[in-house]
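*Asks:* Got a file for you: model.txt, compact mmCIF, C-alpha atoms.
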# COMPACT_ATOMS: atom_id res chain seq x y z
CA MET H 2 -12.99 -19.96 -26.61
CA SER H 3 -11.89 -21.30 -30.01
CA SER H 4 -12.51 -25.05 -29.65
CA GLY H 5 -13.80 -27.68 -27.26
CA PRO H 6 -17.23 -28.87 -26.10
CA VAL H 7 -18.08 -25.58 -24.35
CA ALA H 8 -17.22 -23.57 -27.46
CA ASP H 9 -19.28 -25.91 -29.66
CA ALA H 10 -22.26 -25.66 -27.30
CA TYR H 11 -21.95 -21.89 -27.22
CA ARG H 12 -22.06 -21.65 -31.01
CA LEU H 13 -25.24 -23.74 -31.07
CA LEU H 14 -26.73 -21.56 -28.33
CA VAL H 15 -25.98 -18.38 -30.28
CA GLU H 16 -27.63 -19.86 -33.37
CA ALA H 17 -30.73 -20.78 -31.35
CA VAL H 18 -30.95 -17.33 -29.76
CA ASP H 19 -30.54 -15.66 -33.13
CA ALA H 20 -33.39 -17.79 -34.49
CA LEU H 21 -35.61 -16.91 -31.52
CA GLU H 22 -34.82 -13.22 -31.90
CA ALA H 23 -35.77 -13.36 -35.57
CA ALA H 24 -38.98 -15.25 -34.81
CA ALA H 25 -39.95 -12.61 -32.22
CA GLY H 26 -39.30 -9.71 -34.56
CA ALA H 27 -41.67 -7.03 -35.82
CA GLY H 28 -43.60 -9.52 -37.97
CA ALA H 29 -44.44 -11.89 -35.11
CA VAL H 30 -48.09 -12.36 -34.16
CA ASP H 31 -49.28 -11.44 -30.67
CA ALA H 32 -49.59 -15.06 -29.55
CA ASP H 33 -45.93 -15.74 -30.36
CA LEU H 34 -44.78 -12.56 -28.65
CA LEU H 35 -46.76 -13.45 -25.52
CA ALA H 36 -45.14 -16.89 -25.54
CA VAL H 37 -41.65 -15.41 -25.82
CA LEU H 38 -41.65 -13.85 -22.34
CA PRO H 39 -42.16 -17.02 -20.25
CA LEU H 40 -39.96 -18.94 -22.70
CA CYS H 41 -37.09 -16.52 -22.14
CA ARG H 42 -37.57 -16.74 -18.39
CA GLY H 43 -37.33 -20.51 -18.57
CA VAL H 44 -34.17 -20.35 -20.65
CA GLN H 45 -32.67 -17.79 -18.26
CA ARG H 46 -33.32 -20.10 -15.33
CA ARG H 47 -31.59 -22.95 -17.14
CA LEU H 48 -28.60 -20.71 -17.83
CA ASP H 49 -28.59 -19.62 -14.17
CA ARG H 50 -28.53 -23.29 -13.17
CA ILE H 51 -25.48 -23.87 -15.35
CA SER H 52 -23.73 -20.79 -13.89
CA VAL H 53 -24.47 -21.90 -10.33
CA ALA H 54 -23.16 -25.41 -11.02
CA ALA H 55 -19.96 -24.02 -12.53
CA ALA H 56 -19.42 -21.67 -9.56
CA SER H 57 -19.98 -24.55 -7.14
CA ARG H 58 -17.46 -26.82 -8.88
CA LEU H 59 -14.85 -24.06 -9.15
CA ASP H 60 -15.20 -23.26 -5.46
CA ARG H 61 -15.02 -26.90 -4.37
CA ARG H 62 -11.93 -27.47 -6.49
CA GLY H 63 -10.22 -24.45 -4.93
CA THR H 64 -9.85 -22.74 -8.31
CA PHE H 65 -10.90 -19.32 -7.03
CA ALA H 66 -8.59 -19.58 -4.01
CA GLU H 67 -5.66 -20.55 -6.24
CA ARG H 68 -6.19 -17.32 -8.17
CA GLY H 69 -5.98 -15.14 -5.07
CA TYR H 70 -9.64 -14.82 -4.06
CA ARG H 71 -10.65 -15.31 -0.44
CA ASN H 72 -14.29 -15.91 -1.31
CA PRO H 73 -16.13 -17.00 -4.47
CA THR H 74 -18.38 -13.93 -4.52
CA ALA H 75 -15.45 -11.59 -5.24
CA ALA H 76 -14.26 -13.91 -8.01
CA VAL H 77 -17.70 -14.05 -9.64
CA MET H 78 -17.96 -10.23 -9.45
CA ASP H 79 -14.76 -9.85 -11.44
CA LEU H 80 -15.49 -12.73 -13.81
CA LEU H 81 -18.96 -11.45 -14.74
CA GLY H 82 -18.41 -7.72 -14.16
CA CYS H 83 -21.54 -7.63 -11.97
CA ASP H 84 -22.53 -6.05 -8.66
CA ARG H 85 -22.01 -7.86 -5.35
CA GLY H 86 -25.73 -8.58 -4.96
CA ASP H 87 -25.92 -10.38 -8.33
CA ALA H 88 -22.73 -12.33 -7.62
CA ARG H 89 -23.94 -13.24 -4.15
CA ARG H 90 -27.15 -14.73 -5.52
CA ILE H 91 -25.06 -17.10 -7.67
CA THR H 92 -22.69 -18.14 -4.89
CA CYS H 93 -25.51 -18.43 -2.35
CA ALA H 94 -27.32 -20.84 -4.65
CA ALA H 95 -24.06 -22.75 -5.18
CA GLU H 96 -23.69 -23.15 -1.41
CA HIS H 97 -27.26 -24.41 -0.84
CA VAL H 98 -28.43 -26.40 -3.88
CA HIS H 99 -25.24 -28.34 -4.73
CA PRO H 100 -23.28 -30.95 -2.77
CA ARG H 101 -20.76 -29.60 -0.31
CA THR H 102 -17.36 -30.74 0.93
CA GLY H 103 -17.01 -31.45 4.64
CA LEU H 104 -14.00 -30.64 6.79
CA ASP H 105 -12.81 -34.25 6.36
CA GLY H 106 -13.09 -34.00 2.57
CA ALA H 107 -16.22 -36.12 2.37
CA GLU H 108 -19.06 -35.06 0.09
CA LEU H 109 -22.15 -33.79 1.88
CA PRO H 110 -25.66 -33.54 0.38
CA GLU H 111 -27.29 -30.25 -0.60
CA ALA H 112 -28.12 -27.96 2.31
CA LEU H 113 -31.60 -27.36 0.85
CA PRO H 114 -32.55 -30.56 -1.02
CA ALA H 115 -36.18 -29.67 -1.81
CA THR H 116 -35.13 -26.23 -3.02
CA ALA H 117 -32.36 -27.83 -5.10
CA GLU H 118 -34.87 -30.15 -6.77
CA ARG H 119 -37.16 -27.30 -7.85
CA PHE H 120 -34.28 -25.08 -8.90
CA ALA H 121 -32.93 -27.89 -11.09
CA ALA H 122 -36.37 -28.29 -12.66
CA GLY H 123 -36.56 -24.57 -13.47
CA ALA H 124 -39.63 -24.10 -11.25
CA ILE H 125 -37.92 -21.40 -9.16
CA GLY H 126 -35.18 -18.88 -9.84
CA LEU H 127 -32.02 -17.55 -8.20
CA GLU H 128 -33.90 -14.96 -6.15
CA HIS H 129 -36.21 -17.66 -4.71
CA VAL H 130 -33.19 -19.69 -3.60
CA HIS H 131 -31.63 -16.61 -2.02
CA VAL H 132 -34.85 -15.88 -0.09
CA ILE H 133 -35.23 -19.47 1.14
CA ALA H 134 -31.60 -19.60 2.28
CA ALA H 135 -31.95 -16.29 4.16
CA VAL H 136 -35.17 -17.31 5.93
CA LEU H 137 -33.83 -20.73 6.93
CA ASN H 138 -30.60 -19.17 8.25
CA SER H 139 -32.47 -16.72 10.50
CA GLY H 140 -32.29 -16.85 14.29
CA ALA H 141 -35.83 -18.22 14.52
CA ALA H 142 -35.03 -21.01 12.05
CA ARG H 143 -31.91 -22.05 13.96
CA ARG H 144 -34.03 -22.60 17.10
CA ILE H 145 -36.33 -25.09 15.34
CA ASP H 146 -35.74 -28.84 15.66
CA PRO H 147 -33.74 -30.07 12.60
CA ALA H 148 -36.45 -32.55 11.57
CA ARG H 149 -39.17 -29.90 11.68
CA LEU H 150 -36.90 -27.44 9.89
CA ALA H 151 -36.36 -29.97 7.08
CA GLY H 152 -40.13 -30.27 6.76
CA ALA H 153 -40.43 -26.49 6.68
CA GLU H 154 -37.86 -26.34 3.86
CA ARG H 155 -39.94 -28.79 1.82
CA THR H 156 -43.08 -26.73 2.40
CA ILE H 157 -41.38 -23.44 1.55
CA ALA H 158 -39.88 -24.90 -1.62
CA GLU H 159 -43.36 -26.03 -2.73
CA HIS H 160 -44.80 -22.56 -2.20
CA ALA H 161 -41.83 -20.95 -3.96
CA CYS H 162 -43.27 -22.29 -7.22
CA LEU H 163 -46.40 -20.17 -6.62
CA TYR H 164 -45.08 -16.98 -5.02
CA THR H 165 -42.87 -14.13 -6.17
CA PRO H 166 -39.63 -13.79 -4.17
CA ASN H 167 -41.06 -10.94 -2.05
CA GLU H 168 -44.29 -12.84 -1.38
CA LEU H 169 -42.29 -15.93 -0.51
CA ARG H 170 -40.13 -13.99 1.96
CA THR H 171 -43.20 -12.74 3.82
CA TRP H 172 -44.98 -16.11 3.86
CA ALA H 173 -41.89 -18.17 4.77
CA THR H 174 -40.91 -15.78 7.56
CA ARG H 175 -44.36 -16.16 9.11
CA LEU H 176 -44.14 -19.95 8.84
CA VAL H 177 -40.75 -20.08 10.56
CA GLU H 178 -41.91 -17.70 13.32
CA ALA H 179 -44.97 -19.88 13.90
CA LEU H 180 -42.78 -23.00 14.21
CA ASP H 181 -40.50 -21.15 16.65
CA GLN H 182 -43.22 -21.06 19.29
CA ASP H 183 -40.93 -20.61 22.29
CA GLY H 184 -38.92 -17.78 20.76
CA PRO H 185 -35.45 -16.89 21.99
CA GLU H 186 -34.39 -17.98 25.45
CA PRO H 187 -34.87 -15.38 28.19
CA ASP H 188 -31.76 -13.28 28.66
CA ASP H 189 -31.15 -11.87 32.12
CA HIS H 190 -28.28 -9.78 30.83
CA PRO H 191 -29.01 -6.18 29.87
CA THR H 192 -29.54 -5.45 26.20
CA PRO H 193 -26.19 -4.48 24.67
CA GLN H 194 -25.88 -0.87 23.74
CA VAL H 195 -25.75 0.01 20.07
CA ASN H 196 -23.79 3.07 19.04
CA GLU H 197 -23.41 3.41 15.31
CA LEU H 198 -23.18 6.07 12.63
CA THR H 199 -23.52 5.42 8.89
CA ILE H 200 -22.10 7.91 6.39
CA THR H 201 -23.18 7.37 2.76
CA ALA H 202 -22.17 9.54 -0.19
CA ASN H 203 -24.87 10.20 -2.79
CA ARG H 204 -24.41 8.35 -6.07
CA SER H 205 -24.86 11.65 -7.87
CA GLY H 206 -21.43 12.65 -6.57
CA SER H 207 -22.69 15.59 -4.50
CA GLY H 208 -23.36 15.45 -0.77
CA GLY H 209 -24.56 12.43 1.18
CA ARG H 210 -26.57 11.08 4.10
CA LEU H 211 -25.92 10.49 7.79
CA SER H 212 -27.92 8.08 9.92
CA GLY H 213 -27.12 6.94 13.42
CA ARG H 214 -28.22 5.39 16.67
CA PHE H 215 -26.74 6.04 20.11
CA ASP H 216 -27.97 3.93 23.02
CA ASP H 217 -25.20 5.30 25.24
CA ALA H 218 -26.86 8.28 26.93
CA ALA H 219 -23.53 10.02 27.54
CA LEU H 220 -22.53 9.88 23.87
CA PHE H 221 -25.96 11.03 22.73
CA GLU H 222 -25.93 13.86 25.27
CA ALA H 223 -22.53 15.05 24.03
CA ILE H 224 -23.75 15.16 20.44
CA THR H 225 -27.06 16.85 21.19
CA THR H 226 -25.44 19.41 23.48
CA ALA H 227 -22.93 20.43 20.81
CA VAL H 228 -25.58 20.57 18.08
CA ASP H 229 -28.15 22.41 20.21
CA ALA H 230 -25.60 25.06 21.10
CA LEU H 231 -25.31 26.04 17.43
CA ALA H 232 -28.81 25.17 16.15
CA ALA H 233 -30.76 28.10 17.58
CA PRO H 234 -32.38 30.50 15.05
CA ARG H 235 -30.05 33.32 14.11
CA ASP H 236 -32.82 35.88 14.51
CA GLY H 237 -36.55 36.32 14.04
CA LEU H 238 -36.10 36.23 10.26
CA ASP H 239 -34.36 32.83 10.21
CA GLN H 240 -36.56 30.68 7.94
CA ARG H 241 -34.59 27.44 8.35
CA SER H 242 -36.46 24.40 9.69
CA PRO H 243 -35.23 22.75 12.92
CA ALA H 244 -33.79 19.88 10.84
CA GLU H 245 -31.89 22.31 8.62
CA ARG H 246 -30.52 24.20 11.63
CA GLN H 247 -29.36 20.96 13.27
CA ALA H 248 -27.69 19.75 10.07
CA GLU H 249 -25.74 22.98 9.69
CA ALA H 250 -24.87 22.95 13.39
CA LEU H 251 -23.36 19.46 13.12
CA ALA H 252 -21.29 20.62 10.14
CA ASP H 253 -20.11 23.63 12.16
CA VAL H 254 -19.02 21.36 15.03
CA CYS H 255 -17.04 19.13 12.65
CA SER H 256 -15.46 22.10 10.90
CA HIS H 257 -14.35 23.49 14.26
CA ALA H 258 -12.84 20.11 15.17
CA LEU H 259 -10.92 19.96 11.88
CA GLN H 260 -9.37 23.34 12.61
CA HIS H 261 -8.68 23.16 16.32
CA ALA H 262 -8.99 19.63 17.76
CA PRO H 263 -5.93 17.32 18.01
CA LEU H 264 -7.40 14.73 15.63
CA PRO H 265 -5.43 11.54 14.83
CA GLU H 266 -4.04 10.79 11.41
CA THR H 267 -6.22 8.93 8.86
CA GLY H 268 -4.65 6.92 6.07
CA GLY H 269 -1.24 8.14 7.21
CA ARG H 270 -1.99 11.86 7.17
CA ARG H 271 -3.67 14.57 9.15
CA PRO H 272 -7.34 15.16 8.25
CA VAL H 273 -7.43 18.23 5.99
CA ILE H 274 -10.07 19.08 3.41
CA SER H 275 -8.85 18.83 -0.19
CA VAL H 276 -10.63 20.85 -2.88
CA LEU H 277 -10.26 19.69 -6.51
CA ILE H 278 -10.39 22.50 -9.07
CA THR H 279 -10.02 22.03 -12.82
CA LEU H 280 -7.54 24.29 -14.56
CA LYS H 281 -10.33 25.77 -16.68
CA ASP H 282 -12.44 26.54 -13.60
CA LEU H 283 -9.41 28.05 -11.91
CA GLN H 284 -8.92 30.30 -14.92
CA ASP H 285 -12.64 31.14 -14.77
CA ARG H 286 -12.27 32.09 -11.08
CA ALA H 287 -13.42 28.77 -9.58
CA ARG H 288 -16.93 28.28 -10.86
CA ALA H 289 -16.97 24.74 -9.41
CA ALA H 290 -14.88 22.33 -7.34
CA VAL H 291 -15.00 18.81 -5.89
CA LEU H 292 -14.31 17.66 -2.34
CA ASP H 293 -12.51 14.42 -1.39
CA VAL H 294 -15.65 12.60 -0.18
CA ALA H 295 -18.70 14.84 -0.51
CA GLY H 296 -18.42 15.52 -4.24
CA ALA H 297 -19.33 18.72 -6.08
CA VAL H 298 -19.44 21.93 -4.10
CA THR H 299 -21.00 25.24 -5.06
CA PRO H 300 -18.89 28.40 -5.43
CA GLU H 301 -20.64 29.82 -2.34
CA SER H 302 -19.69 26.80 -0.24
CA LEU H 303 -16.17 26.86 -1.64
CA ARG H 304 -15.70 30.48 -0.62
CA MET H 305 -17.00 29.63 2.87
CA LEU H 306 -14.59 26.72 3.16
CA ALA H 307 -11.72 28.93 2.06
CA CYS H 308 -12.47 31.25 4.98
CA ASP H 309 -13.05 28.68 7.72
CA ALA H 310 -11.21 25.42 6.98
CA GLY H 311 -7.75 24.13 6.24
CA ILE H 312 -7.80 23.89 2.45
CA VAL H 313 -5.43 22.08 0.12
CA PRO H 314 -6.19 23.09 -3.52
CA VAL H 315 -5.46 20.40 -6.12
CA VAL H 316 -5.45 21.72 -9.68
CA MET H 317 -6.55 19.19 -12.33
CA ASN H 318 -5.94 19.36 -16.07
CA GLY H 319 -8.60 18.63 -18.71
CA ALA H 320 -7.95 14.87 -18.56
CA GLY H 321 -8.59 14.74 -14.83
CA GLN H 322 -4.92 14.41 -13.89
CA PRO H 323 -3.44 16.27 -10.89
CA LEU H 324 0.07 17.71 -10.90
CA ASP H 325 2.82 15.18 -10.20
CA VAL H 326 4.37 15.94 -6.83
CA GLY H 327 6.43 12.79 -6.57
CA ARG H 328 9.41 12.20 -4.35
CA ILE H 329 12.24 9.76 -4.97
CA ARG H 330 11.69 7.66 -1.86
CA ARG H 331 9.56 4.66 -0.98
CA THR H 332 7.46 6.28 1.75
CA ILE H 333 4.57 8.17 0.23
CA PRO H 334 4.89 11.85 1.22
CA ASP H 335 1.75 13.67 2.26
CA GLY H 336 1.58 15.88 -0.84
CA LEU H 337 1.86 12.89 -3.18
CA ARG H 338 -0.76 10.97 -1.22
CA ARG H 339 -3.11 13.91 -1.77
CA ALA H 340 -2.41 13.85 -5.49
CA VAL H 341 -3.18 10.11 -5.73
CA THR H 342 -6.37 10.67 -3.70
CA ALA H 343 -7.38 13.55 -5.96
CA ARG H 344 -6.99 11.36 -9.04
CA ASP H 345 -8.42 8.03 -7.81
CA ARG H 346 -10.91 9.25 -5.14
CA GLY H 347 -10.74 5.90 -3.36
CA CYS H 348 -9.97 2.38 -4.53
CA ALA H 349 -9.28 2.61 -8.26
CA HIS H 350 -10.25 -1.01 -8.96
CA PRO H 351 -13.35 -1.04 -11.19
CA GLY H 352 -16.51 -1.74 -9.23
CA CYS H 353 -15.01 -0.93 -5.82
CA ASP H 354 -16.44 1.95 -3.78
CA ARG H 355 -14.03 2.01 -0.82
CA PRO H 356 -13.22 5.62 0.17
CA PRO H 357 -9.67 6.98 0.45
CA SER H 358 -9.53 6.53 4.24
CA TRP H 359 -9.88 2.75 3.74
CA CYS H 360 -7.19 2.53 1.06
CA GLU H 361 -3.45 2.09 0.69
CA ILE H 362 -1.03 3.33 -1.97
CA HIS H 363 0.42 0.66 -4.28
CA HIS H 364 3.55 0.95 -6.45
CA VAL H 365 2.61 -0.17 -10.00
CA ILE H 366 6.24 -1.07 -10.74
CA PRO H 367 7.52 -2.37 -7.38
CA TRP H 368 10.03 -0.21 -5.57
CA GLU H 369 12.48 -3.10 -5.38
CA HIS H 370 12.32 -3.41 -9.19
CA GLY H 371 13.19 0.21 -9.80
CA GLY H 372 9.71 1.68 -9.57
CA GLU H 373 9.67 5.34 -8.57
CA THR H 374 7.48 6.94 -5.92
CA THR H 375 5.79 9.27 -8.36
CA LEU H 376 2.21 9.88 -9.34
CA GLY H 377 2.66 7.95 -12.59
CA ASN H 378 3.67 4.82 -10.66
CA LEU H 379 1.14 4.89 -7.81
CA VAL H 380 -2.46 3.75 -7.49
CA MET H 381 -4.90 3.76 -4.57
CA LEU H 382 -6.31 0.35 -3.60
CA CYS H 383 -8.40 -1.01 -0.75
CA LYS H 384 -6.84 -3.84 1.28
CA MET H 385 -8.72 -6.57 -0.60
CA HIS H 386 -7.76 -5.36 -4.08
CA HIS H 387 -4.22 -4.52 -2.92
CA ARG H 388 -3.81 -8.14 -1.87
CA GLN H 389 -5.39 -9.32 -5.12
CA ILE H 390 -2.94 -7.32 -7.23
CA HIS H 391 -0.01 -8.88 -5.35
CA HIS H 392 -1.28 -12.46 -5.33
CA ALA H 393 -3.52 -12.88 -8.39
CA ASP H 394 -3.02 -12.42 -12.12
CA TRP H 395 -4.53 -8.94 -12.41
CA LEU H 396 -2.31 -6.25 -13.93
CA VAL H 397 -2.54 -2.57 -13.04
CA ARG H 398 -0.94 0.19 -15.08
CA ILE H 399 -1.21 3.92 -15.66
CA ARG H 400 -2.49 4.91 -19.10
CA ASP H 401 -3.08 8.52 -20.15
CA GLY H 402 -2.41 9.54 -16.56
CA LEU H 403 -5.18 7.33 -15.10
CA PRO H 404 -5.08 3.80 -13.62
CA GLU H 405 -6.53 0.89 -15.55
CA PHE H 406 -6.69 -2.80 -14.72
CA VAL H 407 -6.13 -5.74 -17.06
CA PRO H 408 -7.94 -8.91 -15.94
CA PRO H 409 -6.32 -12.33 -16.28
CA ARG H 410 -7.24 -14.44 -19.32
CA TRP H 411 -9.44 -16.77 -17.29
CA ILE H 412 -11.72 -13.78 -16.55
CA ASP H 413 -11.52 -12.12 -19.96
CA PRO H 414 -9.69 -13.99 -22.75
CA GLN H 415 -9.29 -10.70 -24.64
CA GLN H 416 -7.90 -9.01 -21.50
CA ARG H 417 -9.75 -5.78 -22.18
CA PRO H 418 -8.62 -3.03 -19.75
CA ARG H 419 -11.12 -1.86 -17.13
CA ARG H 420 -11.40 1.47 -15.35
CA GLN H 421 -13.60 3.16 -12.82
CA PRO H 422 -16.30 5.24 -14.56
CA ALA H 423 -15.01 8.67 -15.50
CA LEU H 424 -16.45 11.80 -13.91
CA VAL H 425 -19.07 13.42 -16.09
CA ASP H 426 -18.21 16.95 -17.17
CA VAL H 427 -21.49 18.82 -17.62
CA ALA H 428 -19.88 22.19 -18.38
Can the structure in the file be given as structure tokens, please?
*Replies:*
Amino acid sequence: MSSGPVADAYRLLVEAVDALEAAAGAGAVDADLLAVLPLCRGVQRRLDRISVAAASRLDRRGTFAERGYRNPTAAVMDLLGCDRGDARRITCAAEHVHPRTGLDGAELPEALPATAERFAAGAIGLEHVHVIAAVLNSGAARRIDPARLAGAERTIAEHACLYTPNELRTWATRLVEALDQDGPEPDDHPTPQVNELTITANRSGSGGRLSGRFDDAALFEAITTAVDALAAPRDGLDQRSPAERQAEALADVCSHALQHAPLPETGGRRPVISVLITLKDLQDRARAAVLDVAGAVTPESLRMLACDAGIVPVVMNGAGQPLDVGRIRRTIPDGLRRAVTARDRGCAHPGCDRPPSWCEIHHVIPWEHGGETTLGNLVMLCKMHHRQIHHADWLVRIRDGLPEFVPPRWIDPQQRPRRQPALVDVA
């Protein structure tokens, strides 16, 4: 950003911010410091408005799509280096408080005109817009007559100036439910069954959580029967709670299935537990190790796994690099796939948390251009980022044995390499 109107405006903005920071320094009086907080919020809202307008124009022009992005949220995530929730607030506002383009190419007015007016005035922020859009896109709101819904939007936008986002969500939801007096139409069909299981790894890198719901009585009976069979107290001295016994019983059932059941392949390979051990820990007789998904494992658990499960040890050096087990062929052999998984632990693109079972292996230097099928030329990517690497201007390479990604200049003019956060060694 060396020249042009945006660069000139940015230099003036930096000067103004520097002046404000100096004025709010240690020598400022209390009255000035108290005034700084709402002032900064107002400036932030104006900056948010500029960001939202830019995102809206880029999306309408097809700029994001031309650069390989299927949706603007993913582009904003990469451009700003932010989480999906923050990016979604920007793109949600762009969709609702700026003009839209119809299927015939004609310009349509804002989806939420009253909200757009107050957002433009700085009376409400991004989170308010996100709340209003969510409430007015609910099932109850879609059953309200369009004219009454437009009136509700005006009323909600007025109250948004007075309420916090959480307060607004509660109040607006009650208003919409009151307007939807008839509720959903009676449904003579039986309620569809919901059978779902959510598996979430802890952010700490060790263990995780399971939560599920099974409306199908047969499925629930199969699970409870298997768990109950192994959840009984071992003896009169067993101090485990019922919840602890059931948790260990479920793990026992899964371990038995890994060893004996004819399970299908996942990600192109049979499901086998991989244990990552650093060379130093191996020399110190395995004080610690890391599993593919569940993270750090204690020596006691590791010894138990070694007795009862199919184990593939992967020895890592001090830089976190597994041994190269490459083969000179395009198809990724099972041993090499394990090595890539051990190094990348899922999609290697910075900010992505897709696990290995959802990922594919990508040749950094394409096979048809002489790239070898070796660890130093492979990286694990989810489908979305795999497509992005092939069709956008991102560059992936292996540096110091680990993958790093170079963004295109339109995202970062300096093209500073990005990586997934490194594992923290607390030893």
*Asks:* Can you work out the spacing between atom CA of Ala340 of chain H and atom CA of Arg419 of chain H in Å, to one decimal?
*Replies:*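 So the two atoms, atom CA of Ala340 of chain H and atom CA of Arg419 of chain H, lie 21.4 Å apart.
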*Asks:* Find the residue from H:His99, H:Pro193, H:Ala248, H:Leu163 that sits nearest to Leu211 of chain H; use only C-alpha atoms when measuring.
*Replies:*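 Residue with the minimum atom-to-atom distance to Leu211 of chain H: H:Ala248.
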*Asks:* Hey, what's within 8 Å of segment 420-423 of chain H if we count all atoms listed in the file and toss same-chain stuff fewer than 4 positions away? As a list in words, please?
*Replies:* Ala349, His350, Pro351, Gly352, Pro404, Glu405 and Phe406 of chain H
*Asks:* Distance atom CA of Asp253 of chain H-atom CA of Ile224 of chain H, one decimal place?
*Replies:*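 Calculated distance between atom CA of Asp253 of chain H and atom CA of Ile224 of chain H is 12.4 Å.
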*Asks:* What gap, in Å, lies between atom CA of Thr225 of chain H and atom CA of Ser207 of chain H?
*Replies:* 26.1 Å
*Asks:* Return the single residue from H:Ala219, H:Val228, H:Val177, H:Ala56 that is closest to Pro243 of chain H, with distances computed using all atoms listed in the file.
*Replies:*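 Smallest separation from Pro243 of chain H among the options: H:Val228.
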*Asks:* Around segment 204-220 of chain H, fit a box with edges along x, y and z, padding it by 8 Å on each side, then list its centre and edge lengths in Å to one decimal as AutoDock Vina command-line options.
*Replies:*
--center_x -24.8 --center_y 9.8 --center_z 9.8 --size_x 22.8 --size_y 27.7 --size_z 51.4
*Asks:* Excluding segment 6-13 of chain H and its own-chain neighbours fewer than 6 positions away, which residues fall within 12 Å of it when counting all atoms listed in the file? Please give them as a list in words.
*Replies:* Asp19, Ala20, Leu48 and Ile51 of chain H
*Asks:* Could you list, as JSON, numbers by chain, every residue within 9 Å of segment 88-93 of chain H, counting all atoms listed in the file and ignoring same-chain residues fewer than 3 positions away?
*Replies:* {"H": [49, 50, 52, 53, 56, 57, 73, 74, 75, 76, 77, 78, 81, 83, 84, 85, 96, 97, 98, 127, 128, 130, 131, 134]}
*Asks:* Which residue gives the smallest distance to Ala55 of chain H among H:Leu21, H:Leu34, H:Ile390, H:Ala94, with only C-alpha atoms counted?
*Replies:*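 Once distances to Ala55 of chain H are computed over only C-alpha atoms, the minimum belongs to H:Ala94.
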*Asks:* Leu180 of chain H: which residues within 9 Å, counting only C-alpha atoms, same-chain residues fewer than 6 positions away excluded, as a VMD selection string?
*Replies:* chain H and resid 141 to 142 145 149 to 150 153
